>>> print(open('run06.csv').read())   # CSV, C-alpha atoms
chain,number,residue,atom,x,y,z
I,1,MET,CA,-53.9,42.1,69.3
I,2,ALA,CA,-52.7,43.1,72.8
I,3,VAL,CA,-53.2,46.6,73.9
I,4,PHE,CA,-50.4,48.2,75.9
I,5,PRO,CA,-50.5,51.3,78.1
I,6,ILE,CA,-49.8,54.4,76.1
I,7,PRO,CA,-46.7,56.5,77.1
I,8,SER,CA,-47.1,60.3,77.1
I,9,ALA,CA,-46.7,62.1,73.8
I,10,ARG,CA,-43.8,64.1,75.2
I,11,ILE,CA,-41.8,61.0,76.2
I,12,VAL,CA,-42.3,59.3,72.9
I,13,MET,CA,-41.2,62.3,71.0
I,14,ALA,CA,-38.1,62.2,73.0
I,15,ILE,CA,-37.3,58.8,71.5
I,16,SER,CA,-36.9,60.4,68.1
I,17,ALA,CA,-34.9,63.2,69.6
I,18,LEU,CA,-32.6,60.7,71.3
I,19,ALA,CA,-31.8,59.1,68.0
I,20,LEU,CA,-30.7,62.5,66.7
I,21,GLY,CA,-28.6,63.0,69.8
I,22,ALA,CA,-26.9,59.7,69.4
I,23,ALA,CA,-25.3,60.9,66.3
I,24,CYS,CA,-23.3,63.4,68.4
I,25,GLU,CA,-21.7,60.7,70.5
I,26,ASP,CA,-18.6,58.6,70.2
I,27,GLY,CA,-15.9,60.6,68.5
I,28,PHE,CA,-18.0,63.6,67.4
I,29,ASP,CA,-17.9,67.0,68.9
I,30,VAL,CA,-20.7,67.0,71.5
I,31,ASP,CA,-21.6,70.6,70.9
I,32,LEU,CA,-21.8,70.0,67.1
I,33,ARG,CA,-19.2,72.7,66.5
I,34,GLY,CA,-17.2,70.4,64.3
I,35,GLY,CA,-19.9,69.4,61.9
I,36,LEU,CA,-21.9,66.2,61.7
I,37,GLY,CA,-23.7,64.0,59.2
I,38,GLY,CA,-21.9,65.4,56.2
I,39,GLY,CA,-22.3,69.1,56.9
I,40,LEU,CA,-25.1,69.6,59.4
I,41,ASP,CA,-25.9,73.3,59.6
I,42,THR,CA,-26.3,73.9,63.3
I,43,THR,CA,-27.6,77.4,62.7
I,44,THR,CA,-31.1,75.9,62.1
I,45,ALA,CA,-31.5,75.6,65.8
I,46,ALA,CA,-31.3,79.3,66.2
I,47,LYS,CA,-33.9,79.9,63.5
I,48,THR,CA,-36.6,77.8,65.1
I,49,ALA,CA,-39.4,80.1,66.3
I,50,THR,CA,-40.0,79.4,70.0
I,51,ALA,CA,-42.7,80.9,72.2
I,52,GLN,CA,-42.2,83.2,75.2
I,53,ARG,CA,-42.4,81.6,78.6
I,54,PRO,CA,-45.9,82.2,80.2
I,55,LYS,CA,-46.2,84.5,83.1
I,56,PRO,CA,-46.4,82.8,86.6
I,57,ASP,CA,-48.8,83.8,89.3
I,58,ASN,CA,-47.8,85.5,92.5
I,59,ARG,CA,-46.5,82.3,93.9
I,60,GLY,CA,-44.3,81.8,90.9
I,61,ILE,CA,-46.4,78.9,89.5
I,62,ILE,CA,-46.9,78.1,85.9
I,63,SER,CA,-49.5,75.3,85.4
I,64,TYR,CA,-49.8,73.1,82.4
I,65,PRO,CA,-52.4,70.3,81.9
I,66,GLY,CA,-49.8,67.6,82.8
I,67,TYR,CA,-47.5,69.3,85.4
I,68,GLN,CA,-46.6,72.5,87.2
I,69,VAL,CA,-43.3,74.4,87.7
I,70,ALA,CA,-42.4,77.3,90.0
I,71,VAL,CA,-40.3,80.3,88.9
I,72,ALA,CA,-37.7,81.4,91.5
I,73,LYS,CA,-36.9,85.0,92.4
I,74,ARG,CA,-33.4,86.3,92.7
I,75,GLY,CA,-31.7,85.0,95.9
I,76,ASP,CA,-34.5,82.4,96.6
I,77,THR,CA,-33.6,79.1,98.3
I,78,LEU,CA,-35.9,76.1,98.0
I,79,ALA,CA,-37.2,77.0,101.4
I,80,ASP,CA,-38.5,80.3,100.0
I,81,VAL,CA,-40.1,78.5,97.1
I,82,SER,CA,-41.5,75.9,99.4
I,83,GLY,CA,-43.2,78.6,101.5
I,84,ARG,CA,-44.9,80.0,98.5
I,85,VAL,CA,-46.1,76.8,96.8
I,86,GLY,CA,-46.7,74.5,99.8
I,87,VAL,CA,-44.3,71.7,98.8
I,88,PRO,CA,-41.6,70.6,101.3
I,89,ALA,CA,-38.2,71.9,100.4
I,90,SER,CA,-36.8,68.4,100.8
I,91,GLU,CA,-39.1,67.1,98.1
I,92,LEU,CA,-38.2,69.9,95.8
I,93,ALA,CA,-34.5,69.3,96.3
I,94,LYS,CA,-34.8,65.6,95.6
I,95,TYR,CA,-37.0,66.1,92.5
I,96,ASN,CA,-34.7,68.8,91.0
I,97,GLY,CA,-31.3,67.4,92.0
I,98,ILE,CA,-30.3,70.4,94.0
I,99,GLU,CA,-29.3,71.2,97.6
I,100,GLU,CA,-32.0,72.7,99.8
I,101,THR,CA,-29.7,75.6,100.8
I,102,ALA,CA,-28.6,76.5,97.3
I,103,SER,CA,-29.3,80.0,96.0
I,104,LEU,CA,-31.5,80.1,93.0
I,105,ARG,CA,-31.2,82.5,90.0
I,106,ASP,CA,-33.9,84.9,89.1
I,107,GLY,CA,-36.3,83.1,86.8
I,108,GLU,CA,-34.9,79.6,87.5
I,109,ILE,CA,-37.3,76.8,87.0
I,110,VAL,CA,-38.1,74.5,89.9
I,111,ALA,CA,-40.3,71.5,88.8
I,112,LEU,CA,-43.0,70.5,91.3
I,113,PRO,CA,-43.2,66.7,92.0
I,114,TYR,CA,-47.0,67.0,92.2
I,115,LYS,CA,-49.7,69.5,91.5
I,116,VAL,CA,-50.8,72.1,94.0
I,117,ALA,CA,-53.7,74.6,93.8
I,118,GLU,CA,-54.0,75.9,90.3
I,119,PRO,CA,-53.3,79.6,89.6
I,120,SER,CA,-56.4,81.7,89.9
I,121,ALA,CA,-57.5,85.3,90.4
I,122,ALA,CA,-56.8,84.9,94.1
I,123,THR,CA,-53.1,84.1,93.4
I,124,GLY,CA,-52.8,86.6,90.6
I,125,GLY,CA,-52.8,83.9,87.9
I,126,THR,CA,-55.0,83.0,84.9
I,127,GLY,CA,-55.4,79.3,85.4
I,128,VAL,CA,-53.9,76.4,83.4
I,129,ILE,CA,-52.0,77.2,80.2
I,130,GLN,CA,-54.4,76.2,77.5
I,131,PRO,CA,-53.5,74.7,74.1
I,132,PRO,CA,-54.0,77.0,71.1
I,133,GLN,CA,-57.2,76.9,69.1
I,134,SER,CA,-57.9,73.7,67.2
I,135,ASP,CA,-57.0,75.2,63.8
I,136,VAL,CA,-53.4,74.7,64.7
I,137,ASP,CA,-51.9,71.4,63.4
I,138,ILE,CA,-50.9,69.6,66.6
I,139,THR,CA,-48.2,67.7,64.8
I,140,ALA,CA,-46.3,70.9,64.2
I,141,ILE,CA,-45.7,71.7,67.9
I,142,ALA,CA,-43.1,69.1,68.8
I,143,GLY,CA,-40.2,71.0,67.3
I,144,SER,CA,-38.7,70.3,63.9
I,145,ALA,CA,-35.8,68.2,65.3
I,146,ILE,CA,-38.2,65.4,66.3
I,147,ASP,CA,-39.7,64.7,62.8
I,148,ASN,CA,-43.2,66.0,63.8
I,149,ALA,CA,-43.4,62.8,65.8
I,150,GLU,CA,-46.7,61.6,67.3
I,151,PRO,CA,-46.8,58.8,69.8
I,152,ALA,CA,-44.9,55.8,68.6
I,153,VAL,CA,-47.0,53.5,70.6
I,154,THR,CA,-50.6,54.7,70.3
I,155,THR,CA,-54.0,53.7,69.2
I,156,GLU,CA,-55.4,57.1,68.5
I,157,THR,CA,-54.5,60.5,67.1
I,158,LEU,CA,-52.8,62.9,69.4
I,159,GLN,CA,-55.2,65.7,70.3
I,160,PRO,CA,-55.0,68.8,72.5
I,161,ALA,CA,-56.2,68.5,76.0
I,162,PRO,CA,-59.9,69.4,76.5
I,163,LYS,CA,-60.3,73.1,77.1
I,164,PRO,CA,-62.6,74.6,79.7
I,165,ALA,CA,-64.8,77.5,78.9
I,166,ALA,CA,-62.6,80.2,77.3
I,167,LYS,CA,-61.6,83.2,79.4
I,168,SER,CA,-60.4,86.4,77.9
I,169,ASN,CA,-57.2,86.5,80.1
I,170,THR,CA,-56.3,82.8,79.8
I,171,GLN,CA,-52.8,82.2,78.6
I,172,THR,CA,-52.3,79.8,75.7
I,173,GLY,CA,-49.3,77.8,74.6
I,174,PHE,CA,-48.0,74.3,73.9
I,175,GLU,CA,-47.0,72.2,76.9
I,176,PRO,CA,-43.1,71.9,76.8
I,177,ILE,CA,-41.2,68.7,76.9
I,178,ARG,CA,-39.4,68.2,80.2
I,179,HIS,CA,-35.8,67.0,79.9
I,180,LYS,CA,-33.9,65.6,82.9
I,181,VAL,CA,-30.3,66.3,82.5
I,182,LYS,CA,-27.9,63.4,82.3
I,183,ARG,CA,-24.3,63.3,83.3
I,184,GLY,CA,-22.1,64.8,80.6
I,185,GLU,CA,-24.9,66.8,78.9
I,186,THR,CA,-24.5,70.6,78.3
I,187,ALA,CA,-27.0,73.3,77.4
I,188,PHE,CA,-25.5,73.2,73.9
I,189,THR,CA,-26.0,69.5,73.4
I,190,ILE,CA,-29.6,69.7,74.7
I,191,SER,CA,-30.5,72.7,72.6
I,192,ARG,CA,-29.2,70.9,69.5
I,193,LEU,CA,-31.0,67.7,70.5
I,194,TYR,CA,-34.4,69.5,70.4
I,195,ASN,CA,-33.4,72.0,67.7
I,196,VAL,CA,-34.0,75.1,69.8
I,197,SER,CA,-31.5,78.0,70.4
I,198,VAL,CA,-29.4,77.8,73.6
I,199,ARG,CA,-30.5,81.3,74.3
I,200,ALA,CA,-34.2,80.3,74.3
I,201,LEU,CA,-33.3,77.3,76.5
I,202,ALA,CA,-31.6,79.6,78.9
I,203,ASP,CA,-34.4,82.2,78.9
I,204,TRP,CA,-37.1,79.5,79.6
I,205,ASN,CA,-35.1,78.0,82.5
I,206,GLY,CA,-33.4,80.9,84.0
I,207,LEU,CA,-29.8,79.7,83.2
I,208,GLY,CA,-26.8,81.9,83.9
I,209,SER,CA,-24.7,83.6,81.3
I,210,ASP,CA,-22.4,80.6,81.2
I,211,PHE,CA,-25.3,78.2,80.5
I,212,THR,CA,-24.3,75.9,83.4
I,213,ILE,CA,-26.7,73.1,84.1
I,214,ARG,CA,-26.5,70.3,86.7
I,215,GLU,CA,-27.1,66.6,86.6
I,216,ASN,CA,-30.8,65.7,87.3
I,217,GLN,CA,-31.9,69.2,86.7
I,218,ILE,CA,-35.3,69.3,85.0
I,219,LEU,CA,-35.3,71.7,82.0
I,220,LEU,CA,-38.3,72.9,80.0
I,221,ILE,CA,-37.7,72.7,76.3
I,222,PRO,CA,-39.1,75.8,74.6
I,223,PRO,CA,-42.0,74.9,72.5
I,224,ALA,CA,-42.9,76.3,69.1
I,225,ASP,CA,-44.5,79.6,68.9
I,226,PRO,CA,-48.3,79.0,68.4
I,227,GLU,CA,-48.5,81.6,65.6
I,228,ALA,CA,-45.5,80.1,63.8
I,229,ALA,CA,-47.0,76.6,64.2
I,230,LYS,CA,-50.3,77.8,62.9
I,231,SER,CA,-48.6,79.4,59.9
I,232,SER,CA,-46.6,76.3,59.3
I,233,SER,CA,-49.7,74.1,59.4
I,234,ARG,CA,-51.5,76.3,56.9
I,235,ALA,CA,-48.5,76.5,54.5
I,236,PRO,CA,-49.2,73.3,52.6
I,237,ALA,CA,-52.7,74.3,51.8
I,238,ALA,CA,-51.7,77.7,50.7
I,239,ALA,CA,-48.9,76.3,48.6
I,240,ALA,CA,-51.3,73.9,47.0
I,241,ALA,CA,-53.7,76.7,46.1
I,242,THR,CA,-50.9,78.8,44.5
I,243,GLY,CA,-48.8,76.0,43.1
I,244,ALA,CA,-45.9,77.1,45.2
I,245,ALA,CA,-43.7,74.7,47.2
I,246,ALA,CA,-44.6,74.7,50.9
I,247,THR,CA,-42.1,76.2,53.3
I,248,THR,CA,-41.3,74.1,56.3
I,249,LEU,CA,-39.6,74.8,59.6
I,250,PRO,CA,-35.9,73.7,60.0
I,251,GLY,CA,-35.5,70.0,60.3
I,252,GLU,CA,-39.0,69.1,59.0
I,253,GLY,CA,-37.8,68.0,55.6
I,254,SER,CA,-39.3,68.9,52.2
I,255,PRO,CA,-43.0,68.0,51.7
I,256,THR,CA,-43.9,65.6,49.0
I,257,PRO,CA,-45.9,67.5,46.3
I,258,THR,CA,-49.4,66.4,45.6
I,259,PRO,CA,-49.7,64.9,42.1
I,260,PRO,CA,-52.3,66.4,39.8
I,261,SER,CA,-54.2,63.1,39.7
I,262,ALA,CA,-54.9,63.4,43.4
I,263,SER,CA,-57.5,66.1,42.8
I,264,GLN,CA,-60.1,63.5,42.0
I,265,PRO,CA,-60.3,59.8,42.7
I,266,LEU,CA,-59.3,57.4,40.0
I,267,PRO,CA,-62.1,55.1,38.6
I,268,GLU,CA,-62.5,51.7,40.1
I,269,ASP,CA,-60.3,49.2,38.3
I,270,ASP,CA,-62.0,45.8,38.5
I,271,SER,CA,-59.0,44.1,37.0
I,272,VAL,CA,-56.9,44.8,40.1
I,273,VAL,CA,-57.1,42.1,42.7
I,274,LYS,CA,-57.5,43.5,46.1
I,275,VAL,CA,-55.2,41.8,48.6
I,276,GLU,CA,-56.2,41.8,52.3
I,277,THR,CA,-53.6,43.0,54.8
I,278,PRO,CA,-51.8,39.8,56.1
I,279,GLU,CA,-51.8,38.9,59.7
I,280,SER,CA,-48.8,40.2,61.7
I,281,PRO,CA,-46.0,37.7,61.0
I,282,ASP,CA,-44.7,35.4,63.7
I,283,LEU,CA,-41.0,35.9,63.3
I,284,GLY,CA,-40.2,32.6,64.9
I,285,LYS,CA,-36.8,31.1,64.4
I,286,SER,CA,-36.5,31.8,60.7
I,287,GLN,CA,-34.2,34.8,61.3
I,288,SER,CA,-31.1,32.7,61.8
I,289,ALA,CA,-30.9,31.9,58.1
I,290,SER,CA,-31.9,35.4,57.0
I,291,THR,CA,-29.7,37.3,54.5
I,292,ALA,CA,-31.4,40.6,55.3
I,293,GLN,CA,-29.3,43.6,56.1
I,294,MET,CA,-30.7,43.5,59.6
I,295,SER,CA,-32.3,40.9,61.9
I,296,TYR,CA,-35.3,41.4,64.0
I,297,PRO,CA,-34.4,42.5,67.6
I,298,VAL,CA,-36.7,39.9,69.2
I,299,ASP,CA,-38.5,36.7,68.1
I,300,GLY,CA,-42.1,37.7,68.3
I,301,LYS,CA,-45.1,39.2,66.4
I,302,ILE,CA,-45.3,42.7,64.9
I,303,ILE,CA,-48.3,44.3,66.7
I,304,ARG,CA,-48.0,47.7,65.2
I,305,PRO,CA,-46.4,48.5,61.8
I,306,TYR,CA,-44.4,51.5,60.7
I,307,SER,CA,-46.4,54.7,59.9
I,308,LYS,CA,-44.3,57.8,59.2
I,309,GLY,CA,-45.2,60.6,61.6
I,310,LYS,CA,-47.5,58.3,63.7
I,311,ASN,CA,-45.3,55.3,64.6
I,312,ASN,CA,-41.7,55.9,63.5
I,313,GLY,CA,-40.8,52.3,63.9
I,314,ILE,CA,-42.4,48.9,64.5
I,315,ASP,CA,-43.6,47.4,67.8
I,316,ILE,CA,-42.8,43.7,68.3
I,317,SER,CA,-44.4,41.7,71.1
I,318,ALA,CA,-42.7,38.7,72.7
I,319,PRO,CA,-42.7,36.9,76.1
I,320,ALA,CA,-41.5,38.9,79.1
I,321,GLY,CA,-37.8,38.5,79.6
I,322,ALA,CA,-37.2,37.5,76.0
I,323,PRO,CA,-33.7,38.6,74.7
I,324,VAL,CA,-33.4,41.8,72.7
I,325,GLN,CA,-30.7,41.5,70.1
I,326,ALA,CA,-28.7,44.0,68.1
I,327,ALA,CA,-30.2,44.2,64.6
I,328,ALA,CA,-26.7,44.6,63.0
I,329,ASP,CA,-23.1,45.1,63.8
I,330,GLY,CA,-22.5,48.5,65.4
I,331,LYS,CA,-21.5,50.5,68.4
I,332,VAL,CA,-23.7,51.5,71.4
I,333,ALA,CA,-24.2,55.2,71.0
I,334,ALA,CA,-26.6,55.9,73.9
I,335,ILE,CA,-28.3,54.2,76.9
I,336,THR,CA,-30.8,56.3,78.8
I,337,THR,CA,-34.2,56.4,80.4
I,338,ASP,CA,-37.2,58.6,79.8
I,339,ALA,CA,-39.2,60.4,82.5
I,340,ASP,CA,-41.1,57.2,83.3
I,341,ASP,CA,-37.8,55.2,83.7
I,342,ILE,CA,-38.4,53.4,80.5
I,343,LYS,CA,-35.0,52.4,79.0
I,344,ILE,CA,-33.9,53.4,75.6
I,345,LEU,CA,-30.9,52.0,73.8
I,346,VAL,CA,-29.4,53.4,70.5
I,347,VAL,CA,-26.9,51.6,68.3
I,348,ARG,CA,-25.0,53.2,65.5
I,349,HIS,CA,-24.2,51.3,62.3
I,350,ALA,CA,-22.3,51.7,59.1
I,351,ASP,CA,-23.8,53.8,56.2
I,352,ASN,CA,-25.1,56.5,58.6
I,353,LEU,CA,-27.7,54.2,60.1
I,354,MET,CA,-28.9,54.0,63.7
I,355,THR,CA,-31.3,51.6,65.4
I,356,VAL,CA,-33.4,52.6,68.4
I,357,TYR,CA,-34.7,50.1,71.0
I,358,TYR,CA,-37.4,51.5,73.3
I,359,ASN,CA,-38.9,49.8,76.2
I,360,VAL,CA,-36.1,47.4,77.2
I,361,ASP,CA,-34.8,46.1,80.5
I,362,ALA,CA,-31.7,44.5,81.9
I,363,VAL,CA,-29.3,46.2,79.4
I,364,SER,CA,-26.2,44.0,79.2
I,365,VAL,CA,-24.0,46.3,77.1
I,366,LYS,CA,-22.3,49.7,77.9
I,367,LYS,CA,-22.2,52.9,76.0
I,368,GLY,CA,-19.4,52.8,73.5
I,369,ALA,CA,-19.3,49.0,73.3
I,370,SER,CA,-19.1,47.3,69.9
I,371,VAL,CA,-21.9,44.8,69.3
I,372,LYS,CA,-22.4,42.1,66.7
I,373,ARG,CA,-25.6,41.2,64.9
I,374,GLY,CA,-27.7,38.9,67.0
I,375,GLN,CA,-25.8,39.8,70.2
I,376,LYS,CA,-28.0,40.0,73.2
I,377,ILE,CA,-28.1,43.7,74.4
I,378,ALA,CA,-31.1,43.7,76.7
I,379,LYS,CA,-34.4,41.9,77.7
I,380,LEU,CA,-38.0,42.7,77.4
I,381,PRO,CA,-39.6,44.0,80.6
I,382,ALA,CA,-41.9,41.9,82.7
I,383,LYS,CA,-44.7,44.5,82.1
I,384,ASP,CA,-45.7,45.5,78.6
I,385,SER,CA,-43.4,43.0,76.9
I,386,PHE,CA,-42.8,44.5,73.6
I,387,VAL,CA,-40.0,46.5,72.0
I,388,HIS,CA,-40.4,49.7,69.9
I,389,PHE,CA,-37.8,49.4,67.2
I,390,GLU,CA,-36.7,52.2,64.9
I,391,VAL,CA,-34.2,52.5,62.0
I,392,ARG,CA,-32.9,55.9,61.3
I,393,LYS,CA,-31.0,57.1,58.2
I,394,GLY,CA,-29.1,60.1,59.3
I,395,PHE,CA,-31.7,62.2,61.1
I,396,ASP,CA,-34.7,60.7,59.5
I,397,SER,CA,-36.8,57.7,60.6
I,398,VAL,CA,-37.3,55.2,57.8
I,399,ASP,CA,-39.4,52.0,57.5
I,400,PRO,CA,-37.4,49.2,59.1
I,401,THR,CA,-39.2,46.5,57.1
I,402,PRO,CA,-37.0,46.7,53.9
I,403,TYR,CA,-33.9,46.2,56.2
I,404,LEU,CA,-35.4,43.2,57.8
I,405,LYS,CA,-36.4,41.3,54.6
>>> encode(input="run06.csv", output="structure tokens")
Amino acid sequence: MAVFPIPSARIVMAISALALGAACEDGFDVDLRGGLGGGLDTTTAAKTATAQRPKPDNRGIISYPGYQVAVAKRGDTLADVSGRVGVPASELAKYNGIEETASLRDGEIVALPYKVAEPSAATGGTGVIQPPQSDVDITAIAGSAIDNAEPAVTTETLQPAPKPAAKSNTQTGFEPIRHKVKRGETAFTISRLYNVSVRALADWNGLGSDFTIRENQILLIPPADPEAAKSSSRAPAAAAATGAAATTLPGEGSPTPTPPSASQPLPEDDSVVKVETPESPDLGKSQSASTAQMSYPVDGKIIRPYSKGKNNGIDISAPAGAPVQAAADGKVAAITTDADDIKILVVRHADNLMTVYYNVDAVSVKKGASVKRGQKIAKLPAKDSFVHFEVRKGFDSVDPTPYLK
């Protein structure tokens, strides 16, 4: 089996979030004020417990394991920020989609294109923001709107970054997802996309009272409060001990109760024939005669199967440049790219279904276009020639396999 480079956890989690966002497109109220999906209660976004933004050092820098941001002071320009952090104002302007001479709001986030000296005692800081202690379930941190997604293309379990020797004044917290604003997006659509309150989004990013954002602005998505995530991760065990149902954060869905028989293993049954897992199928040209509800998006081999919460779709390998086809009749709901410029395409179908095509190139359809089953919509890229394919029922990822048989 070929091994492909692993995209960052934050980017892959955004794939699932994008599928949620696609439901808001094409005829629906983009701020979700008109209802969606048969009565979506948008108040759940306001109920999600989010952390407070960490305190910056004297330069205004907050440093996470993967990136750094600067926090502006009232009346700052990028030249002022540049003088404190040591990054040219022109580079800050280009990276954040803002004019060099523009006045910044108090608390406004300015993303740094590369890392500078870490906060230290000399700069009035406490170092890199560290992940919470290991007794926190890392799968609870992504935000309930993203189905507790771990990397969809991965070969190992997502773990917190290694922590240096603990310091009493070190700040802890989850590393936020960074969202680059696309044309037409609003603070409301983005807050609903990630299931956080618009007020938390504004507080984290120093937005004005009118919640105005700009194209290409980089926003930090408020992460879950570590204590809330810790409590959430412990809830299933506590519920199991008391016999009570576990309480989940908004959007997480209801946990499946553990059957009584699971308390001890069943005896070995020699009468059961154990079947080895078959080799990944070569899809070949047999799809043309298929009577399945959906067809495979590419002719190739399944290199990674569906696993709820670990791989929310299937990964199919095929030669570079191979056509990616619509799995069923539908309408293109979204075409976007992630922070690594990897293209993502979402198609909405009848019966509240959506399909997500991640890692595609040369997209040949436009947003809002109607597509037919088997119609070419993109190609596989020259590098890492596979497509990550998801099927979503409403807001929930489901196993694509039954739809393809």
>>> atom_distance(input="run06.csv", atom1="atom CA of I:Leu380", atom2="atom CA of I:Pro323")
6.5 Å
>>> closest_atom_pairs(input="run06.csv", of="stretch 52-112 of chain I", to="stretch 118-124 of chain I", cutoff="8 Å", atoms="only C-alpha atoms", output="tab-separated table")
residue	atom	partner	partner_atom	distance
I:Asp57	CA	I:Gly124	CA	5.1
I:Asn58	CA	I:Gly124	CA	5.5
I:Arg59	CA	I:Thr123	CA	6.9
I:Ile61	CA	I:Pro119	CA	6.9
I:Ile62	CA	I:Pro119	CA	7.5
I:Ser63	CA	I:Glu118	CA	6.7
>>> residues_around(input="run06.csv", residues="I:Ala79", least_positions_apart="4", cutoff="12 Å", atoms="all atoms listed in the file", output="count of residues only")
20
>>> residues_around(input="run06.csv", residues="I:Gly321", least_positions_apart="2", cutoff="10 Å", atoms="only C-alpha atoms", output="list in words")
Ala318, Pro319, Pro323, Val324, Val360, Asp361, Ala362, Ala378, Lys379, Leu380, Pro381, Ala382, Lys383, Ser385 and Phe386 of chain I
>>> atom_distance(input="run06.csv", atom1="atom CA of I:Gly309", atom2="atom CA of I:Ile177")
17.8 Å
>>> atom_distance(input="run06.csv", atom1="atom CA of I:Ser370", atom2="atom CA of I:Ala333")
9.5 Å
>>> closest_residue(input="run06.csv", among="I:Leu345, I:Val387, I:Val181, I:Leu78", to="I:Arg105", atoms="all atoms listed in the file")
I:Leu78
>>> closest_residue(input="run06.csv", among="I:Asp340, I:Asp315, I:Glu108, I:Glu390", to="I:Ile302", atoms="all atoms listed in the file")
I:Asp315
>>> closest_residue(input="run06.csv", among="I:Leu201, I:Val347, I:Leu353, I:Ile109", to="I:Gly60", atoms="all atoms listed in the file")
I:Ile109
>>> closest_residue(input="run06.csv", among="I:Thr355, I:Thr336, I:Gln325, I:Ser197", to="I:Lys376", atoms="all atoms listed in the file")
I:Gln325
>>> build_atoms(input="run06.csv", residues="stretch 97-109 of chain I", atoms="N, CA and C atoms", output="PDB file, in the frame of the given file")
ATOM      1  N   GLY I  97     -32.756  67.660  91.906  1.00  0.00           N
ATOM      2  CA  GLY I  97     -31.300  67.400  92.000  1.00  0.00           C
ATOM      3  C   GLY I  97     -30.520  68.602  92.443  1.00  0.00           C
ATOM      4  N   ILE I  98     -30.960  69.241  93.540  1.00  0.00           N
ATOM      5  CA  ILE I  98     -30.300  70.400  94.000  1.00  0.00           C
ATOM      6  C   ILE I  98     -30.307  70.459  95.546  1.00  0.00           C
ATOM      7  N   GLU I  99     -29.324  71.107  96.132  1.00  0.00           N
ATOM      8  CA  GLU I  99     -29.300  71.200  97.600  1.00  0.00           C
ATOM      9  C   GLU I  99     -30.357  72.171  98.088  1.00  0.00           C
ATOM     10  N   GLU I 100     -30.898  71.852  99.253  1.00  0.00           N
ATOM     11  CA  GLU I 100     -32.000  72.700  99.800  1.00  0.00           C
ATOM     12  C   GLU I 100     -31.511  74.114 100.074  1.00  0.00           C
ATOM     13  N   THR I 101     -30.245  74.279 100.428  1.00  0.00           N
ATOM     14  CA  THR I 101     -29.700  75.600 100.800  1.00  0.00           C
ATOM     15  C   THR I 101     -29.163  76.387  99.634  1.00  0.00           C
ATOM     16  N   ALA I 102     -29.160  75.799  98.451  1.00  0.00           N
ATOM     17  CA  ALA I 102     -28.600  76.500  97.300  1.00  0.00           C
ATOM     18  C   ALA I 102     -29.347  77.724  96.917  1.00  0.00           C
ATOM     19  N   SER I 103     -28.630  78.760  96.515  1.00  0.00           N
ATOM     20  CA  SER I 103     -29.300  80.000  96.000  1.00  0.00           C
ATOM     21  C   SER I 103     -29.749  79.774  94.605  1.00  0.00           C
ATOM     22  N   LEU I 104     -30.946  80.247  94.311  1.00  0.00           N
ATOM     23  CA  LEU I 104     -31.500  80.100  93.000  1.00  0.00           C
ATOM     24  C   LEU I 104     -31.387  81.398  92.198  1.00  0.00           C
ATOM     25  N   ARG I 105     -31.282  81.272  90.890  1.00  0.00           N
ATOM     26  CA  ARG I 105     -31.200  82.500  90.000  1.00  0.00           C
ATOM     27  C   ARG I 105     -32.586  83.047  89.784  1.00  0.00           C
ATOM     28  N   ASP I 106     -32.619  84.287  89.433  1.00  0.00           N
ATOM     29  CA  ASP I 106     -33.900  84.900  89.100  1.00  0.00           C
ATOM     30  C   ASP I 106     -34.437  84.271  87.819  1.00  0.00           C
ATOM     31  N   GLY I 107     -35.648  83.751  87.903  1.00  0.00           N
ATOM     32  CA  GLY I 107     -36.300  83.100  86.800  1.00  0.00           C
ATOM     33  C   GLY I 107     -35.967  81.621  86.643  1.00  0.00           C
ATOM     34  N   GLU I 108     -35.192  81.051  87.581  1.00  0.00           N
ATOM     35  CA  GLU I 108     -34.900  79.600  87.500  1.00  0.00           C
ATOM     36  C   GLU I 108     -36.100  78.772  87.716  1.00  0.00           C
ATOM     37  N   ILE I 109     -36.201  77.722  86.920  1.00  0.00           N
ATOM     38  CA  ILE I 109     -37.300  76.800  87.000  1.00  0.00           C
ATOM     39  C   ILE I 109     -37.123  75.764  88.072  1.00  0.00           C
TER      40      ILE I 109
END
